[in-house]
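A quick write-up on the structure given underneath.
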Amino acid sequence: MTIPILKLHDTLLTSIQVELTDDDALEFQADVLDKIRTTEAEGLVIDITALEVVDSYLARILNDTATMAKLLGTETVICGMQPAVSLTLVEMGRQLIGVESALNLDQAMEKVEILLAERANGERGL
Amino acid sequence: MRELKTISISQDQDVVAARAASRELAKSLGFGAADQTRLATAVSELTRNILRYAKKGECHIEDETDDLRAGIRVVVEDQGPGIPDLDRAMEDGFTTGGGLGAGLPGTKRLVHDFDIQSRPGHTKISIRMFSKKRAAAPKALYAIAGRSR
Amino acid sequence: MTKNPRAKPRASKASSEKTDSSVTLEAVINSVLDGIITIDAKGTVETFNRAAERIFGYSLDEVIGQNVKMLMPAPFADEHDGYLKNYTDTGVKKIIGIGREVVGRRSNGTVFPLDLAVTEMPTTGARKFVGIVRDISEKKESENLIARQSDALMELSTPAIKIWDSVVLLPLIGVIDTNRAQQIIENLLESVVENEARVVIVDVTGVPIIDTTVAQHLLKTIGAAGMLGARVILTGISPEIAQTLVRLRVDFSDIHTCGTLRAGVGEALASVGMQVIAK
């Protein structure tokens, strides 16, 4: 199953609306990275508002995707994590590390802008 | 009266199904969102472990609600190679991602009750979740066998 | 029973002894606070003591000869016959000999919680059962009250406060155990979502002891808020606590801290584009 990835200005926007199997998640990661490569997008927003369950595997995939995107020169923001999901991840000790997050799409787009601006100003070592 | 659902775990989608089924039951029994998510996540972790290490197994989801409180038990069982060093696997801080039994301490923290038995050829993990609120009215007068006050 | 009429005093003494002892027994049964009800294998009430009359609001005559299910609300009333039959047929004890909390129904229709203990009477003939009931309405009321107060107290003591648009303050006070820690994180996350907070100030000035456990709770709280997009500033760490944390080798390196709440608030406001200017 393919998760649609849209492009808004220089930022890729993708929203996970359904529960993913492990294979789906891997496919998603590959698609995202591929899209980054072909569009040369500088920003990536992954919206997980609809996900009621994020287990350690998916958390790792999301984390890895952000890290991989960074290597490709893209700043990632993950938005919409449900409080119950956040609670569960910290309790398991599997929280996202080194990944920017935002409450919603609005804040996510803002954050991407800020991250890109900081990078342009050389404020964050790459 | 005790609802029991068994999901056979042999492929990717089964993990998702087990996750969804346990979440559904928790929701229908009145568990809060946080507990629903915790249970579903725990079930996801455990059933995935089956796929990874035993290739196949079973997930039994049972309604253990009684007069005093809502309850769910999920038993995850397989005939796989087992977890070699169980004590170490259950030690907090042991291995993150990769490695047999990885993530068990974390999963244990999500639920109210966690029981694990493992030897080569058979692994059985039983987790339980209880609702803190007492049931509004007792469900059945005599339905629970041998249950004492 | 004596055959000799002239031995009347002895007979009457014997029978009055017997009468005395049965009167005593009956007096005992009618004076205890707990309801005592006996039924036959079909559920027909055979005896019903004074306390039972009081508990259920029925007089003896209204209940004797009736089925005991009249004292139960639906759906238990309908199911009782089945349960009795099940036990008499299979002998499987589900409540016999085992006490439990059930629900009863008074004559005025009100439903109330009961503590019920059922045993089978040793008889040579037909089977009989004895039920001892205690009205636990008050006890349940108290239990509920305590539970509610405890919850309220828990919530009151862990408030997350919006102090400015997008800025939430979490002043931690007192001892933080696992239960409370759970509540704290849940409250905070709820508050972050509700207030669309971008910055959370966690102030620990009021936390006397920060050991490894509390430190872990703190880290979890900070991590959880972070995943909802909120930047967390930790304030109020005393020199003593700072020493403890470092000695415990707890890793706070990724956490942003400010010495005082004042500094924390200043920074929080700055990060949401606000500036405090003297008038």
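All residue names refer to the structure tokens as shown: chains lettered A, B, ... in order, residues numbered from 1 in each chain, ligands numbered from 1 in order.
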
Checklist entry - Leaving out Leu104 (chain B) and any residue of its chain fewer than 4 positions from it, which residues lie within 8 Å of it when counting only C-alpha atoms, given as a VMD selection string? => result chain B and resid 89 to 90 108

May I ask you to extract the residues of chain A within 6 Å of chain C, using only C-alpha atoms, and to give them as an mmCIF file with N, CA and C atoms, in the first residue's frame?
```
data_model
loop_
_atom_site.group_PDB
_atom_site.id
_atom_site.type_symbol
_atom_site.label_atom_id
_atom_site.label_comp_id
_atom_site.auth_asym_id
_atom_site.auth_seq_id
_atom_site.Cartn_x
_atom_site.Cartn_y
_atom_site.Cartn_z
ATOM 1 N N MET A 81 1.575 13.673 16.987
ATOM 2 C CA MET A 81 1.609 12.472 17.821
ATOM 3 C C MET A 81 0.539 12.570 18.900
ATOM 4 N N PRO A 83 -1.207 12.117 22.445
ATOM 5 C CA PRO A 83 -0.661 12.064 23.806
ATOM 6 C C PRO A 83 -0.512 10.631 24.313
ATOM 7 N N SER A 86 2.560 9.174 22.839
ATOM 8 C CA SER A 86 3.761 9.753 23.439
ATOM 9 C C SER A 86 4.037 9.123 24.806
ATOM 10 N N LEU A 87 2.987 9.030 25.588
ATOM 11 C CA LEU A 87 3.070 8.412 26.914
ATOM 12 C C LEU A 87 3.639 7.005 26.824
ATOM 13 N N VAL A 90 7.422 6.821 25.830
ATOM 14 C CA VAL A 90 8.381 7.123 26.900
ATOM 15 C C VAL A 90 8.395 6.021 27.946
ATOM 16 N N SER A 101 9.651 17.635 16.592
ATOM 17 C CA SER A 101 8.224 17.320 16.577
ATOM 18 C C SER A 101 7.386 18.577 16.645
ATOM 19 N N ALA A 102 6.160 18.449 16.247
ATOM 20 C CA ALA A 102 5.236 19.573 16.333
ATOM 21 C C ALA A 102 3.858 19.037 16.667
ATOM 22 N N LEU A 103 3.055 19.916 17.230
ATOM 23 C CA LEU A 103 1.727 19.503 17.672
ATOM 24 C C LEU A 103 0.791 19.247 16.495
#
```

Item to check | Who sits within 8 Å of region 28-44 of chain B, only C-alpha atoms, same chain under 4 positions skipped, as a ChimeraX atom specification | outcome: /A:52-55,83-85,87-88 /B:15-16,18-20,22-24,48,70-71,74,107-108,110-111,129,131

Item to check | Between CA of Ala54 (chain B) and CA of Lys27 (chain B), distance in Å (one decimal) | outcome: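 Rounded to one decimal, the two atoms are 29.6 Å apart.
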
Checklist entry - Quick one: which residues from chain C are at most 9 Å off chain B, using only C-alpha atoms, as a list of chain:residue names? => result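 Matching residues, ligands excluded from the count: C:Pro75, C:Phe76, C:Glu79, C:His80, C:Tyr83, C:Val92, C:Lys93, C:Lys94, C:Ile95, C:Ile98, C:Gly99, C:Arg100, C:Glu101, C:Val102, C:Val103, C:Pro113, C:Glu186.
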
Residues just named, written with C-alpha atoms as a compact mmCIF listing (two decimals), in the first residue's frame:
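Produced file again.txt, reproduced below:
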```txt
# COMPACT_ATOMS: atom_id res chain seq x y z
CA PRO C 75 -31.00 -9.35 35.50
CA PHE C 76 -29.88 -11.37 38.53
CA GLU C 79 -30.70 -15.76 36.36
CA HIS C 80 -30.96 -16.99 39.91
CA TYR C 83 -27.66 -20.70 39.07
CA VAL C 92 -19.83 -26.76 41.07
CA LYS C 93 -19.47 -24.04 43.66
CA LYS C 94 -19.60 -20.60 42.27
CA ILE C 95 -20.78 -18.68 45.26
CA ILE C 98 -17.50 -18.07 48.90
CA GLY C 99 -18.41 -14.56 50.02
CA ARG C 100 -18.92 -11.81 47.52
CA GLU C 101 -20.41 -8.46 46.80
CA VAL C 102 -23.75 -8.54 45.05
CA VAL C 103 -26.72 -6.29 44.46
CA PRO C 113 -24.83 -3.29 47.37
CA GLU C 186 -0.98 12.72 31.46
```

Test item: residues at most 12 Å from Gly273 (chain C), only C-alpha atoms, excluding those fewer than 2 positions along its chain, as a short mmCIF file (atom, residue, chain, number, x, y, z; two decimals) with C-alpha atoms, in the first residue's frame:
```cif
data_model
loop_
_atom_site.label_atom_id
_atom_site.label_comp_id
_atom_site.auth_asym_id
_atom_site.auth_seq_id
_atom_site.Cartn_x
_atom_site.Cartn_y
_atom_site.Cartn_z
CA TRP C 164 0.88 32.80 28.32
CA ASP C 165 -0.18 31.92 24.83
CA SER C 166 1.66 28.76 23.95
CA VAL C 167 3.47 28.65 27.29
CA ARG C 198 5.18 25.33 22.28
CA VAL C 199 7.08 25.74 25.51
CA GLY C 266 11.93 34.90 30.43
CA GLU C 267 13.35 32.38 28.02
CA ALA C 268 10.02 30.77 27.38
CA LEU C 269 8.43 34.08 26.49
CA ALA C 270 11.35 34.95 24.27
CA SER C 271 11.02 31.73 22.35
CA GLN C 275 9.58 40.42 25.30
CA VAL C 276 9.14 41.82 28.78
#
```

Neighbour list for region 60-65 of chain A as a PDB file with N, CA and C atoms, in the first residue's frame, cut-off 12 Å, only C-alpha atoms, skip fewer than 4 positions in-chain:
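What follows is the written file part28.pdb:
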```pdb
ATOM      1  N   ILE A  16       0.248   9.643   7.530  1.00  0.00           N
ATOM      2  CA  ILE A  16      -0.042   8.214   7.668  1.00  0.00           C
ATOM      3  C   ILE A  16      -1.433   8.062   8.264  1.00  0.00           C
ATOM      4  N   LEU A  20       0.001   0.560   9.870  1.00  0.00           N
ATOM      5  CA  LEU A  20       0.950  -0.015   8.917  1.00  0.00           C
ATOM      6  C   LEU A  20       1.516  -1.340   9.402  1.00  0.00           C
ATOM      7  N   THR A  21       1.679  -2.246   8.459  1.00  0.00           N
ATOM      8  CA  THR A  21       2.400  -3.466   8.804  1.00  0.00           C
ATOM      9  C   THR A  21       3.879  -3.093   8.741  1.00  0.00           C
ATOM     10  N   ASP A  22       4.733  -3.947   9.233  1.00  0.00           N
ATOM     11  CA  ASP A  22       6.161  -3.668   9.210  1.00  0.00           C
ATOM     12  C   ASP A  22       6.655  -3.435   7.787  1.00  0.00           C
ATOM     13  N   ASP A  23       6.164  -4.255   6.874  1.00  0.00           N
ATOM     14  CA  ASP A  23       6.571  -4.087   5.475  1.00  0.00           C
ATOM     15  C   ASP A  23       6.094  -2.746   4.911  1.00  0.00           C
ATOM     16  N   ASP A  24       4.857  -2.387   5.234  1.00  0.00           N
ATOM     17  CA  ASP A  24       4.337  -1.103   4.782  1.00  0.00           C
ATOM     18  C   ASP A  24       5.246   0.022   5.256  1.00  0.00           C
ATOM     19  N   ALA A  25       5.669  -0.087   6.505  1.00  0.00           N
ATOM     20  CA  ALA A  25       6.495   0.959   7.091  1.00  0.00           C
ATOM     21  C   ALA A  25       7.821   1.091   6.348  1.00  0.00           C
ATOM     22  N   LEU A  26       8.419  -0.037   6.035  1.00  0.00           N
ATOM     23  CA  LEU A  26       9.684  -0.024   5.304  1.00  0.00           C
ATOM     24  C   LEU A  26       9.495   0.581   3.919  1.00  0.00           C
ATOM     25  N   GLU A  27       8.386   0.209   3.303  1.00  0.00           N
ATOM     26  CA  GLU A  27       8.073   0.723   1.972  1.00  0.00           C
ATOM     27  C   GLU A  27       7.903   2.235   2.031  1.00  0.00           C
ATOM     28  N   PHE A  28       7.229   2.671   3.082  1.00  0.00           N
ATOM     29  CA  PHE A  28       7.011   4.094   3.285  1.00  0.00           C
ATOM     30  C   PHE A  28       8.345   4.829   3.363  1.00  0.00           C
ATOM     31  N   GLN A  29       9.244   4.274   4.152  1.00  0.00           N
ATOM     32  CA  GLN A  29      10.554   4.896   4.328  1.00  0.00           C
ATOM     33  C   GLN A  29      11.264   5.026   2.979  1.00  0.00           C
ATOM     34  N   ALA A  30      11.261   3.941   2.228  1.00  0.00           N
ATOM     35  CA  ALA A  30      11.921   3.939   0.926  1.00  0.00           C
ATOM     36  C   ALA A  30      11.285   4.974  -0.006  1.00  0.00           C
ATOM     37  N   ASP A  31       9.963   5.043  -0.002  1.00  0.00           N
ATOM     38  CA  ASP A  31       9.257   6.009  -0.853  1.00  0.00           C
ATOM     39  C   ASP A  31       9.633   7.439  -0.511  1.00  0.00           C
ATOM     40  N   VAL A  32       9.637   7.711   0.783  1.00  0.00           N
ATOM     41  CA  VAL A  32       9.956   9.065   1.232  1.00  0.00           C
ATOM     42  C   VAL A  32      11.358   9.470   0.770  1.00  0.00           C
ATOM     43  N   LEU A  33      12.316   8.611   1.013  1.00  0.00           N
ATOM     44  CA  LEU A  33      13.689   8.944   0.648  1.00  0.00           C
ATOM     45  C   LEU A  33      13.825   9.113  -0.853  1.00  0.00           C
ATOM     46  N   ASP A  34      13.123   8.276  -1.570  1.00  0.00           N
ATOM     47  CA  ASP A  34      13.164   8.362  -3.019  1.00  0.00           C
ATOM     48  C   ASP A  34      12.588   9.703  -3.487  1.00  0.00           C
ATOM     49  N   ILE A  36      12.426  12.426  -1.802  1.00  0.00           N
ATOM     50  CA  ILE A  36      13.350  13.510  -1.432  1.00  0.00           C
ATOM     51  C   ILE A  36      14.400  13.662  -2.529  1.00  0.00           C
ATOM     52  N   LEU A  44      10.678  18.024   5.268  1.00  0.00           N
ATOM     53  CA  LEU A  44       9.799  16.848   5.269  1.00  0.00           C
ATOM     54  C   LEU A  44       8.930  16.896   6.508  1.00  0.00           C
ATOM     55  N   VAL A  45       7.627  16.796   6.301  1.00  0.00           N
ATOM     56  CA  VAL A  45       6.709  16.748   7.439  1.00  0.00           C
ATOM     57  C   VAL A  45       5.973  15.422   7.388  1.00  0.00           C
ATOM     58  N   ILE A  46       6.079  14.679   8.461  1.00  0.00           N
ATOM     59  CA  ILE A  46       5.359  13.409   8.545  1.00  0.00           C
ATOM     60  C   ILE A  46       4.253  13.575   9.582  1.00  0.00           C
ATOM     61  N   ASP A  47       3.020  13.474   9.119  1.00  0.00           N
ATOM     62  CA  ASP A  47       1.895  13.680  10.020  1.00  0.00           C
ATOM     63  C   ASP A  47       1.385  12.328  10.528  1.00  0.00           C
ATOM     64  N   ILE A  48       1.395  12.150  11.839  1.00  0.00           N
ATOM     65  CA  ILE A  48       0.924  10.872  12.398  1.00  0.00           C
ATOM     66  C   ILE A  48      -0.287  11.055  13.305  1.00  0.00           C
ATOM     67  N   VAL A  54       1.676   3.509  18.033  1.00  0.00           N
ATOM     68  CA  VAL A  54       2.993   3.548  17.408  1.00  0.00           C
ATOM     69  C   VAL A  54       3.877   2.684  18.283  1.00  0.00           C
ATOM     70  N   ASP A  55       4.263   1.515  17.783  1.00  0.00           N
ATOM     71  CA  ASP A  55       5.076   0.657  18.633  1.00  0.00           C
ATOM     72  C   ASP A  55       6.562   0.920  18.373  1.00  0.00           C
ATOM     73  N   SER A  56       7.419   0.178  19.062  1.00  0.00           N
ATOM     74  CA  SER A  56       8.847   0.466  18.999  1.00  0.00           C
ATOM     75  C   SER A  56       9.387   0.367  17.573  1.00  0.00           C
ATOM     76  N   ALA A  69      16.884  11.275   6.155  1.00  0.00           N
ATOM     77  CA  ALA A  69      16.537  12.480   5.399  1.00  0.00           C
ATOM     78  C   ALA A  69      17.577  13.560   5.645  1.00  0.00           C
ATOM     79  N   LYS A  70      18.005  13.645   6.898  1.00  0.00           N
ATOM     80  CA  LYS A  70      19.008  14.641   7.273  1.00  0.00           C
ATOM     81  C   LYS A  70      20.276  14.453   6.452  1.00  0.00           C
ATOM     82  N   LEU A  71      20.673  13.186   6.279  1.00  0.00           N
ATOM     83  CA  LEU A  71      21.857  12.891   5.496  1.00  0.00           C
ATOM     84  C   LEU A  71      21.688  13.347   4.058  1.00  0.00           C
ATOM     85  N   LEU A  72      20.435  13.343   3.602  1.00  0.00           N
ATOM     86  CA  LEU A  72      20.153  13.791   2.244  1.00  0.00           C
ATOM     87  C   LEU A  72      19.953  15.299   2.198  1.00  0.00           C
ATOM     88  N   THR A  74      17.814  17.051   4.182  1.00  0.00           N
ATOM     89  CA  THR A  74      16.429  17.462   4.422  1.00  0.00           C
ATOM     90  C   THR A  74      16.099  17.490   5.900  1.00  0.00           C
ATOM     91  N   GLU A  75      15.428  18.558   6.335  1.00  0.00           N
ATOM     92  CA  GLU A  75      15.014  18.681   7.736  1.00  0.00           C
ATOM     93  C   GLU A  75      13.637  18.058   7.915  1.00  0.00           C
ATOM     94  N   THR A  76      13.497  17.241   8.932  1.00  0.00           N
ATOM     95  CA  THR A  76      12.219  16.553   9.152  1.00  0.00           C
ATOM     96  C   THR A  76      11.520  17.027  10.418  1.00  0.00           C
ATOM     97  N   VAL A  77      10.211  17.132  10.338  1.00  0.00           N
ATOM     98  CA  VAL A  77       9.406  17.401  11.531  1.00  0.00           C
ATOM     99  C   VAL A  77       8.266  16.376  11.553  1.00  0.00           C
ATOM    100  N   ILE A  78       8.096  15.745  12.681  1.00  0.00           N
ATOM    101  CA  ILE A  78       7.001  14.782  12.817  1.00  0.00           C
ATOM    102  C   ILE A  78       5.896  15.465  13.603  1.00  0.00           C
ATOM    103  N   CYS A  79       4.683  15.439  13.092  1.00  0.00           N
ATOM    104  CA  CYS A  79       3.641  16.161  13.805  1.00  0.00           C
ATOM    105  C   CYS A  79       2.412  15.322  14.121  1.00  0.00           C
ATOM    106  N   MET A  81       1.575  13.673  16.987  1.00  0.00           N
ATOM    107  CA  MET A  81       1.609  12.472  17.821  1.00  0.00           C
ATOM    108  C   MET A  81       0.539  12.570  18.900  1.00  0.00           C
ATOM    109  N   LEU A  89       5.337   5.545  24.396  1.00  0.00           N
ATOM    110  CA  LEU A  89       6.723   5.459  23.930  1.00  0.00           C
ATOM    111  C   LEU A  89       7.716   5.780  25.038  1.00  0.00           C
ATOM    112  N   GLY A  93      10.478   3.419  26.881  1.00  0.00           N
ATOM    113  CA  GLY A  93      11.862   3.809  26.691  1.00  0.00           C
ATOM    114  C   GLY A  93      12.222   3.854  25.215  1.00  0.00           C
ATOM    115  N   ARG A  94      11.198   4.043  24.367  1.00  0.00           N
ATOM    116  CA  ARG A  94      11.450   4.052  22.924  1.00  0.00           C
ATOM    117  C   ARG A  94      11.078   5.376  22.285  1.00  0.00           C
ATOM    118  N   GLN A  95      11.321   6.465  23.000  1.00  0.00           N
ATOM    119  CA  GLN A  95      10.898   7.714  22.391  1.00  0.00           C
ATOM    120  C   GLN A  95      11.799   8.084  21.230  1.00  0.00           C
ATOM    121  N   LEU A  96      11.271   8.983  20.401  1.00  0.00           N
ATOM    122  CA  LEU A  96      12.031   9.450  19.258  1.00  0.00           C
ATOM    123  C   LEU A  96      13.192  10.276  19.788  1.00  0.00           C
ATOM    124  N   ILE A  97      14.324  10.102  19.177  1.00  0.00           N
ATOM    125  CA  ILE A  97      15.496  10.850  19.637  1.00  0.00           C
ATOM    126  C   ILE A  97      16.075  11.641  18.490  1.00  0.00           C
ATOM    127  N   GLY A  98      16.314  12.915  18.766  1.00  0.00           N
ATOM    128  CA  GLY A  98      16.942  13.742  17.745  1.00  0.00           C
ATOM    129  C   GLY A  98      16.022  14.074  16.584  1.00  0.00           C
ATOM    130  N   VAL A  99      14.725  13.939  16.817  1.00  0.00           N
ATOM    131  CA  VAL A  99      13.772  14.274  15.759  1.00  0.00           C
ATOM    132  C   VAL A  99      12.903  15.423  16.224  1.00  0.00           C
ATOM    133  N   GLU A 100      12.731  16.407  15.390  1.00  0.00           N
ATOM    134  CA  GLU A 100      11.877  17.530  15.748  1.00  0.00           C
ATOM    135  C   GLU A 100      10.418  17.119  15.669  1.00  0.00           C
ATOM    136  N   SER A 101       9.651  17.635  16.592  1.00  0.00           N
ATOM    137  CA  SER A 101       8.224  17.320  16.577  1.00  0.00           C
ATOM    138  C   SER A 101       7.386  18.577  16.645  1.00  0.00           C
TER     139      SER A 101
ATOM    140  N   THR B  96      18.713  -2.744  23.118  1.00  0.00           N
ATOM    141  CA  THR B  96      17.669  -1.950  22.485  1.00  0.00           C
ATOM    142  C   THR B  96      17.601  -2.327  21.015  1.00  0.00           C
ATOM    143  N   GLY B  97      16.534  -2.907  20.613  1.00  0.00           N
ATOM    144  CA  GLY B  97      16.362  -3.258  19.202  1.00  0.00           C
ATOM    145  C   GLY B  97      17.327  -4.321  18.730  1.00  0.00           C
ATOM    146  N   GLY B  98      16.834  -5.429  18.300  1.00  0.00           N
ATOM    147  CA  GLY B  98      17.728  -6.497  17.847  1.00  0.00           C
ATOM    148  C   GLY B  98      18.119  -7.343  19.037  1.00  0.00           C
TER     149      GLY B  98
ATOM    150  N   MET C 227       7.841  15.179  22.283  1.00  0.00           N
ATOM    151  CA  MET C 227       7.292  14.527  21.097  1.00  0.00           C
ATOM    152  C   MET C 227       5.991  15.167  20.638  1.00  0.00           C
TER     153      MET C 227
END
```

Checklist entry - Looking at only C-alpha atoms, which of B:Arg69, B:Pro105, B:Asn49, B:Cys59 is the one that sits closest to chain A? => result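 Residue with the minimum atom-to-atom distance to chain A: B:Pro105.
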
Item to check | For region 62-67 of chain C: contacts at 9 Å, only C-alpha atoms, fewer than 4 positions along chain excluded, given as a ChimeraX atom specification | outcome: /C:39,42-48,53,58,71

Next on the checklist: With only C-alpha atoms as the counted atoms, please give the residues lying no more than 10 Å from Glu113 (chain A), apart from itself and same-chain residues fewer than 4 positions off, as a VMD selection string.
Outcome noted: chain A and resid 10 to 11 42 to 43 75 107 to 109 117 to 119

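In this comparison, which uses only C-alpha atoms, the residue of B:Ala26, B:Ile125, B:Ala17, B:Ile7 approaching chain A most closely is B:Ala17.
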
Checklist entry - Could you pull out the strand (DSSP E or B) residues of region 40-200 of chain C from DSSP and send them as an NGL selection string? => result :C and (40 or 44-48 or 67 or 96 or 100-105 or 111-121 or 128-135 or 161-164 or 167-173 or 199-200)

Next on the checklist: Going by DSSP on the backbone, which residues of region 38-277 of chain C come out as helix (DSSP H, G or I)? List them as a VMD selection string.
Outcome noted: chain C and resid 50 to 56 60 to 63 68 to 71 76 to 90 137 to 156 178 to 195 212 to 227 239 to 247 261 to 271

Checklist entry - How many Å lie between CA of Pro171 (chain C) and CA of Leu153 (chain C), rounded to one decimal? => result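 CA of Leu153 (chain C) lies at a distance of 15.3 Å from CA of Pro171 (chain C).
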
Checklist entry - How many Å separate CA of Thr123 (chain B) from CA of Val76 (chain B)? => result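 About the pair CA of Thr123 (chain B) and CA of Val76 (chain B): they are 8.1 Å apart.
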